[in-house]
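Data file: target_6.cif. Format and content: mmCIF, C-alpha atoms.
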```cif
data_input
loop_
_atom_site.label_atom_id
_atom_site.label_comp_id
_atom_site.auth_asym_id
_atom_site.auth_seq_id
_atom_site.Cartn_x
_atom_site.Cartn_y
_atom_site.Cartn_z
CA MET A 24 -227.44 -158.69 155.20
CA SER A 25 -229.80 -159.52 152.34
CA VAL A 26 -233.13 -158.00 151.42
CA THR A 27 -236.22 -159.55 152.97
CA ARG A 28 -238.09 -162.37 151.31
CA ARG A 29 -241.22 -160.18 151.11
CA TYR A 30 -239.36 -157.46 149.23
CA ARG A 31 -237.73 -159.91 146.84
CA GLU A 32 -241.06 -161.60 146.11
CA ALA A 33 -242.83 -158.27 145.58
CA TRP A 34 -240.43 -157.40 142.78
CA GLU A 35 -240.47 -160.89 141.31
CA GLU A 36 -244.26 -160.79 141.10
CA PHE A 37 -244.26 -157.26 139.70
CA TRP A 38 -241.87 -158.09 136.87
CA SER A 39 -243.50 -161.47 136.21
CA GLU A 40 -246.78 -159.68 135.50
CA ALA A 41 -245.28 -156.66 133.69
CA SER A 42 -245.85 -156.29 129.98
CA ALA A 43 -242.86 -156.33 127.67
CA GLU A 44 -244.37 -153.50 125.61
CA PRO A 45 -242.23 -150.32 125.62
CA GLY A 46 -243.53 -147.78 128.09
CA ALA A 47 -245.78 -150.24 129.94
CA VAL A 48 -244.01 -149.74 133.28
CA PHE A 49 -244.73 -146.51 135.18
CA TRP A 50 -241.12 -145.29 135.51
CA ASP A 51 -239.74 -146.77 132.30
CA ALA A 52 -239.82 -143.61 130.17
CA GLU A 53 -237.77 -143.17 127.02
CA PRO A 54 -234.04 -142.92 127.84
CA VAL A 55 -233.77 -139.57 126.04
CA LEU A 56 -236.09 -138.21 128.76
CA THR A 57 -234.53 -140.05 131.71
CA VAL A 58 -230.96 -141.36 131.69
CA GLY A 59 -230.01 -138.90 128.92
CA PRO A 60 -230.50 -135.79 131.06
CA HIS A 61 -228.95 -137.61 134.03
CA LEU A 62 -225.77 -138.36 132.07
CA ALA A 63 -225.41 -134.71 131.14
CA LEU A 64 -225.23 -133.98 134.87
CA PHE A 65 -223.12 -136.97 135.90
CA GLU A 66 -220.46 -137.27 133.22
CA PRO A 67 -218.41 -134.22 134.30
CA TYR A 68 -217.86 -135.95 137.66
CA LEU A 69 -216.72 -139.34 136.36
CA ALA A 70 -213.05 -139.59 137.24
CA ASP A 71 -212.63 -142.48 134.81
CA PRO A 72 -215.41 -142.99 132.20
CA ALA A 73 -213.62 -146.14 130.97
CA LEU A 74 -214.45 -148.03 134.18
CA PRO A 75 -217.19 -150.67 133.93
CA LEU A 76 -220.60 -149.12 134.48
CA VAL A 77 -223.15 -150.95 136.64
CA ASP A 78 -226.83 -150.08 136.14
CA LEU A 79 -228.08 -151.08 139.58
CA GLY A 80 -231.78 -151.94 139.62
CA CYS A 81 -231.80 -152.18 135.84
CA GLY A 82 -235.31 -153.67 135.59
CA ASN A 83 -236.15 -154.48 131.98
CA GLY A 84 -232.95 -152.87 130.71
CA THR A 85 -234.37 -149.90 128.79
CA GLN A 86 -231.89 -147.49 130.34
CA THR A 87 -229.11 -150.11 130.37
CA ARG A 88 -229.16 -150.42 126.60
CA TYR A 89 -228.90 -146.65 126.25
CA LEU A 90 -225.88 -146.65 128.59
CA ALA A 91 -224.31 -149.50 126.61
CA ASP A 92 -224.30 -147.26 123.54
CA ARG A 93 -222.17 -144.75 125.41
CA PHE A 94 -219.83 -146.73 127.67
CA PRO A 95 -217.49 -149.59 126.77
CA HIS A 96 -218.60 -152.13 129.41
CA VAL A 97 -222.09 -151.96 130.92
CA LEU A 98 -223.62 -154.49 133.30
CA GLY A 99 -227.29 -154.34 134.29
CA VAL A 100 -228.00 -155.90 137.68
CA ASP A 101 -231.30 -156.47 139.39
CA LEU A 102 -232.75 -158.36 142.33
CA SER A 103 -235.49 -159.86 140.16
CA ALA A 104 -234.87 -162.77 137.80
CA ALA A 105 -238.09 -161.89 135.97
CA ALA A 106 -236.82 -158.35 135.34
CA LEU A 107 -233.61 -159.75 133.89
CA ASP A 108 -235.60 -162.06 131.62
CA HIS A 109 -237.31 -158.94 130.21
CA ALA A 110 -233.93 -157.22 129.82
CA ARG A 111 -232.29 -160.11 127.96
CA ARG A 112 -235.24 -160.61 125.62
CA ALA A 113 -235.22 -156.90 124.77
CA ASP A 114 -231.48 -156.99 124.06
CA PRO A 115 -230.98 -159.87 121.59
CA ALA A 116 -227.78 -158.29 120.28
CA GLY A 117 -226.25 -158.36 123.76
CA GLN A 118 -225.43 -154.65 123.94
CA ALA A 119 -225.09 -155.04 127.71
CA ALA A 120 -224.57 -157.94 130.11
CA TYR A 121 -227.13 -158.74 132.83
CA ARG A 122 -226.84 -160.44 136.18
CA GLN A 123 -228.93 -161.07 139.27
CA LEU A 124 -227.58 -159.24 142.30
CA ASP A 125 -228.77 -158.46 145.81
CA ALA A 126 -226.83 -155.24 146.30
CA ALA A 127 -227.66 -155.23 150.02
CA ALA A 128 -225.78 -158.51 150.45
CA LYS A 129 -222.17 -157.73 151.33
CA GLU A 130 -220.73 -160.95 149.96
CA GLU A 131 -222.43 -160.41 146.57
CA THR A 132 -221.15 -156.87 146.03
CA GLN A 133 -217.69 -157.87 147.23
CA ALA A 134 -217.61 -160.74 144.74
CA LEU A 135 -218.70 -158.47 141.88
CA HIS A 136 -216.08 -155.88 142.80
CA ALA A 137 -213.43 -158.59 142.93
CA GLU A 138 -214.43 -159.53 139.39
CA LEU A 139 -214.83 -156.08 137.81
CA GLY A 140 -212.66 -153.83 139.95
CA ASP A 141 -213.84 -150.30 140.64
CA THR A 142 -216.99 -149.31 138.75
CA ASN A 143 -219.19 -146.34 138.04
CA VAL A 144 -222.70 -147.05 139.33
CA TYR A 145 -225.97 -145.63 138.01
CA LEU A 146 -229.16 -146.16 139.96
CA ARG A 147 -232.49 -144.52 139.47
CA GLY A 148 -235.27 -144.82 142.01
CA VAL A 149 -233.83 -147.66 144.10
CA LEU A 150 -233.21 -146.31 147.61
CA HIS A 151 -236.54 -144.49 147.85
CA GLN A 152 -238.63 -147.67 147.74
CA CYS A 153 -236.30 -149.98 149.71
CA GLU A 154 -237.39 -151.28 153.07
CA PRO A 155 -235.88 -149.11 155.83
CA ASP A 156 -233.57 -151.80 157.24
CA ASP A 157 -232.06 -152.41 153.78
CA ARG A 158 -231.12 -148.84 152.88
CA GLN A 159 -227.77 -148.58 154.65
CA SER A 160 -226.76 -152.05 153.46
CA LEU A 161 -227.58 -150.98 149.91
CA ALA A 162 -225.52 -147.79 150.27
CA ASP A 163 -222.66 -149.89 151.65
CA GLY A 164 -222.96 -152.18 148.62
CA ILE A 165 -222.80 -149.19 146.28
CA ALA A 166 -219.63 -148.00 148.03
CA THR A 167 -218.11 -151.46 147.61
CA LEU A 168 -218.80 -151.42 143.86
CA VAL A 169 -217.47 -147.87 143.45
CA GLY A 170 -214.22 -148.65 145.23
CA GLU A 171 -211.57 -145.95 145.15
CA ARG A 172 -211.95 -144.57 141.62
CA GLY A 173 -215.59 -145.01 140.68
CA ARG A 174 -218.56 -142.73 141.09
CA ALA A 175 -222.10 -143.43 142.22
CA CYS A 176 -224.73 -141.54 140.24
CA LEU A 177 -228.12 -141.64 141.94
CA VAL A 178 -231.57 -140.32 141.09
CA GLU A 179 -234.16 -140.63 143.87
CA LEU A 180 -237.70 -139.37 144.28
CA SER A 181 -237.69 -136.40 146.62
CA GLY A 182 -240.03 -135.94 149.55
CA ALA A 183 -242.17 -133.66 147.39
CA ALA A 184 -243.07 -136.67 145.24
CA LYS A 185 -244.99 -138.38 148.03
CA PRO A 186 -248.03 -136.04 148.03
CA VAL A 187 -248.07 -136.16 144.22
CA LEU A 188 -248.22 -139.96 144.30
CA ALA A 189 -250.80 -139.89 147.09
CA GLY A 190 -252.95 -137.57 145.01
CA LEU A 191 -252.69 -139.87 142.00
CA ALA A 192 -253.52 -142.94 144.09
CA GLY A 193 -256.43 -141.27 145.85
CA GLY A 194 -258.25 -139.98 142.77
CA PRO A 195 -261.89 -140.88 142.19
CA ASP A 196 -260.91 -143.61 139.74
CA GLY A 197 -258.00 -144.89 141.82
CA PRO A 198 -254.36 -144.76 140.71
CA PRO A 199 -253.51 -144.53 137.01
CA PRO A 200 -253.27 -147.96 135.33
CA LYS A 201 -249.47 -148.02 135.22
CA LEU A 202 -249.12 -146.93 138.84
CA ALA A 203 -251.69 -149.36 140.25
CA PRO A 204 -249.42 -152.46 140.05
CA VAL A 205 -246.76 -150.69 142.12
CA PHE A 206 -249.16 -150.30 145.03
CA ARG A 207 -250.80 -153.68 144.47
CA HIS A 208 -247.50 -155.46 144.96
CA GLY A 209 -246.71 -153.56 148.14
CA ILE A 210 -243.93 -151.43 146.69
CA ALA A 211 -243.88 -148.11 148.54
CA PRO A 212 -242.39 -145.23 146.52
CA ALA A 213 -241.00 -141.96 147.93
CA GLU A 214 -240.41 -143.40 151.39
CA VAL A 215 -236.95 -141.95 152.07
CA SER A 216 -236.34 -138.30 152.97
CA ASP A 217 -234.15 -135.99 150.93
CA GLU A 218 -231.83 -135.55 153.91
CA ALA A 219 -231.42 -139.28 154.47
CA VAL A 220 -230.00 -140.17 151.03
CA PRO A 221 -226.69 -138.26 151.37
CA GLU A 222 -226.41 -139.47 154.95
CA TYR A 223 -226.59 -143.12 153.85
CA LEU A 224 -223.82 -142.43 151.35
CA ARG A 225 -221.64 -140.65 153.90
CA SER A 226 -222.10 -143.48 156.36
CA ALA A 227 -220.91 -145.84 153.60
CA GLY A 228 -217.69 -143.82 153.27
CA LEU A 229 -218.62 -141.80 150.20
CA THR A 230 -218.52 -138.04 149.71
CA VAL A 231 -221.36 -136.27 147.89
CA LEU A 232 -219.61 -134.37 145.10
CA ALA A 233 -222.65 -132.74 143.50
CA SER A 234 -226.42 -132.74 143.81
CA GLY A 235 -229.48 -131.01 142.46
CA ARG A 236 -233.13 -131.39 141.50
CA LEU A 237 -234.63 -132.63 138.27
CA PRO A 238 -238.16 -133.91 137.51
CA LEU A 239 -238.38 -137.66 136.94
CA THR A 240 -240.41 -138.35 133.81
CA THR A 241 -242.84 -141.28 133.88
CA THR A 242 -244.74 -143.09 131.13
CA GLU A 243 -248.16 -142.16 132.53
CA TYR A 244 -250.35 -139.19 131.59
CA ARG A 245 -252.88 -137.05 133.41
CA PRO A 246 -256.46 -136.76 132.09
CA ASP A 247 -255.48 -133.50 130.38
CA GLY A 248 -252.84 -135.33 128.34
CA THR A 249 -249.78 -133.95 130.14
CA ARG A 250 -247.04 -136.38 131.14
CA ILE A 251 -246.76 -137.12 134.87
CA GLU A 252 -243.43 -135.97 136.27
CA LEU A 253 -242.26 -136.58 139.84
CA PRO A 254 -239.94 -134.32 141.86
CA SER A 255 -236.56 -135.99 142.25
CA THR A 256 -233.06 -135.36 143.55
CA TRP A 257 -229.83 -136.38 141.83
CA LEU A 258 -226.47 -136.93 143.51
CA VAL A 259 -222.94 -137.90 142.51
CA ALA A 260 -220.80 -139.52 145.18
CA GLY A 261 -217.36 -141.07 145.40
CA ARG A 262 -214.27 -141.36 147.53
CA THR A 263 -211.99 -138.36 147.73
CA ALA A 264 -208.25 -138.37 148.36
#
```
Whole structure, structure tokens version:
Amino acid sequence: MSVTRRYREAWEEFWSEASAEPGAVFWDAEPVLTVGPHLALFEPYLADPALPLVDLGCGNGTQTRYLADRFPHVLGVDLSAAALDHARRADPAGQAAYRQLDAAAKEETQALHAELGDTNVYLRGVLHQCEPDDRQSLADGIATLVGERGRACLVELSGAAKPVLAGLAGGPDGPPPKLAPVFRHGIAPAEVSDEAVPEYLRSAGLTVLASGRLPLTTTEYRPDGTRIELPSTWLVAGRTA
């Protein structure tokens, strides 16, 4: 099963229009505020940190480059060719490798696993905006990439983020400038429940090893100058003996 044409085109259009300026994308905050805190939570659960690390849904590669400074082999994958164009242009030294991947397509994740072997997978904010029929296929793809020895490290908006986003979108001036393109392209954030995420992973054959809550920092600010943060849940999953 592959993602729908509508979903693929929504992301292609979003990234085709996105600015290459740092911080221009709503969720693309500085790595020290995003993937940095996530790694502090995830690293104790990595059975083998030397495995290739796949940044799934890497977008423009901001977080991928940070990961490439800390792991020996990092691959950023994304559904959108336009996103990967951003990532490659921002990484002229080739700190990481980048590749187009539909992680909901079984044959694509199987082929990547055959090439790389077991991997550790990092994904931030991917399941929560997927179309409902794609979510289990995506979780199955993650399990394929993880294999027997890898770990999946996920950060997803929690259910509590939905009213926050609705409040931002419904303000008198409409959504903040960096959030507006998300809605304009038909991307629906915070659409998966907190209870559903671990269930998708379990159905894919993975065991949730740890979980918790941590605010997800964005690049957008409120009128009072405070940074917008969204409630999120983090999980580490893998196969157990």
*asked:* Take the PyMOL selection byres ((chain A and resi 137-139) around 12), run it mentally on this structure, and tell me the resulting residues as a ChimeraX atom specification.
replied: /A:74-77,96-98,130-136,140-143,167-170,173
*In Å to one decimal, how far is CA of Trp38 (chain A) from CA of Pro212 (chain A)?*
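A separation of 16.1 Å between them.
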*Closest to Ala52 (chain A) among A:Arg158, A:Arg236, A:Lys201, A:Arg28, using all atoms listed in the file?*
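Smallest separation from Ala52 (chain A) among the options: A:Lys201.
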*What is the distance between CA of Ser42 (chain A) and CA of Arg112 (chain A), in Å to one decimal?*
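For CA of Ser42 (chain A) relative to CA of Arg112 (chain A), the distance reads 12.3 Å.
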*Kindly resolve the PyMOL selection byres ((chain A and resi 187-189) around 12) on the present coordinates and return the residues as a PyMOL selection string.*
chain A and resi 49+180-186+190-194+197-199+202-203+205-206+211-214+241+243+245+251-255
